[in-house]
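Trainee: The structure follows.
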Amino acid sequence: MEKLTSRKFWIATAAFLASIASSISGMATDNTVIAGVGMGCAVASAAIYAGAEAYVDAANVKSTTVAVQATTSDKKLIEKAVGGSGDGNAQATQQ
């Protein structure tokens, strides 16, 4: 439903329909150049819309990476919880 209120969607739809109309008129008058241009513009309008949506979606993605600084006691607590030695050097477990 959100797409139906998007200006980009309606502009792309109008461009697509106009391109199809010019392609049909080119076919009706046996003008293959206009028919080809109309079909090319229809494909281009769909590709431009898809690219614009991908750009907007990528811009909306927020990074969740946060830098955390831990104290010595925090490190010992975490190492104890995950089974480390607690002396500041984590031990690898063998399988």
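Ligands are numbered from 1 in the order shown, chains are lettered A, B, ... in the order of the structure tokens, and residues start at 1 in each chain.
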Determine, counting only C-alpha atoms, which protein, DNA and RNA residues have an atom within 6 Å of an atom of Ala35 in chain A; residues of the same chain fewer than 5 positions away are not included. Present the result as an NGL selection string.

Mentor: :A and (23 or 26-27)

Trainee: Include all heavy atoms and write out the residues we just selected as a PDB file, in the first residue's frame.

Mentor:
ATOM      1  N   SER A  23       4.785   2.783 -28.396  1.00  0.00           N
ATOM      2  CA  SER A  23       5.149   1.545 -29.082  1.00  0.00           C
ATOM      3  C   SER A  23       3.965   0.988 -29.871  1.00  0.00           C
ATOM      4  O   SER A  23       4.119   0.564 -31.019  1.00  0.00           O
ATOM      5  CB  SER A  23       5.628   0.517 -28.062  1.00  0.00           C
ATOM      6  OG  SER A  23       5.986  -0.672 -28.700  1.00  0.00           O
ATOM      7  N   GLY A  26       3.433   3.084 -32.877  1.00  0.00           N
ATOM      8  CA  GLY A  26       4.449   2.764 -33.886  1.00  0.00           C
ATOM      9  C   GLY A  26       4.110   1.496 -34.642  1.00  0.00           C
ATOM     10  O   GLY A  26       4.302   1.416 -35.854  1.00  0.00           O
ATOM     11  N   MET A  27       3.586   0.494 -33.926  1.00  0.00           N
ATOM     12  CA  MET A  27       3.186  -0.747 -34.590  1.00  0.00           C
ATOM     13  C   MET A  27       1.966  -0.531 -35.476  1.00  0.00           C
ATOM     14  O   MET A  27       1.857  -1.117 -36.552  1.00  0.00           O
ATOM     15  CB  MET A  27       2.890  -1.830 -33.554  1.00  0.00           C
ATOM     16  CG  MET A  27       4.128  -2.410 -32.906  1.00  0.00           C
ATOM     17  SD  MET A  27       3.732  -3.789 -31.846  1.00  0.00           S
ATOM     18  CE  MET A  27       3.838  -3.014 -30.255  1.00  0.00           C
TER      19      MET A  27
END

Trainee: Skipping near chain neighbours, those fewer than 5 positions away, what residues fall within 12 Å of Ala15 in chain A using only C-alpha atoms, listed as a list of chain:residue names?

Mentor: A:Lys8, A:Phe9, A:Trp10, A:Ile20, A:Ala21, A:Ser22, A:Gly38, A:Met39, A:Gly40, A:Cys41, A:Ala42, A:Val43, A:Ala44, A:Ser45, A:Ala46, A:Ala47, A:Ile48, A:Tyr49

Trainee: By how many Å are CA of Lys3 in chain A and CA of Val37 in chain A apart?

Mentor: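 Between CA of Lys3 in chain A and CA of Val37 in chain A the gap is 27.4 Å.
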
Trainee: Please return as number ranges by chain: the residues of range 2-89 of chain A that backbone DSSP assigns to alpha helix (DSSP H).

Mentor: A: 7-28, 32-60, 72-82

Trainee: What separation in Å, quoted to one decimal, exists between CA of Glu2 in chain A and CA of Val56 in chain A?

Mentor: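 Answer for the CA of Glu2 in chain A to CA of Val56 in chain A separation: 14.1 Å.
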
Trainee: Could you tell me how far CA of Thr13 in chain A sits from CA of Ala50 in chain A, in Å to one decimal place?

Mentor: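 Those two atoms sit 11.9 Å apart.
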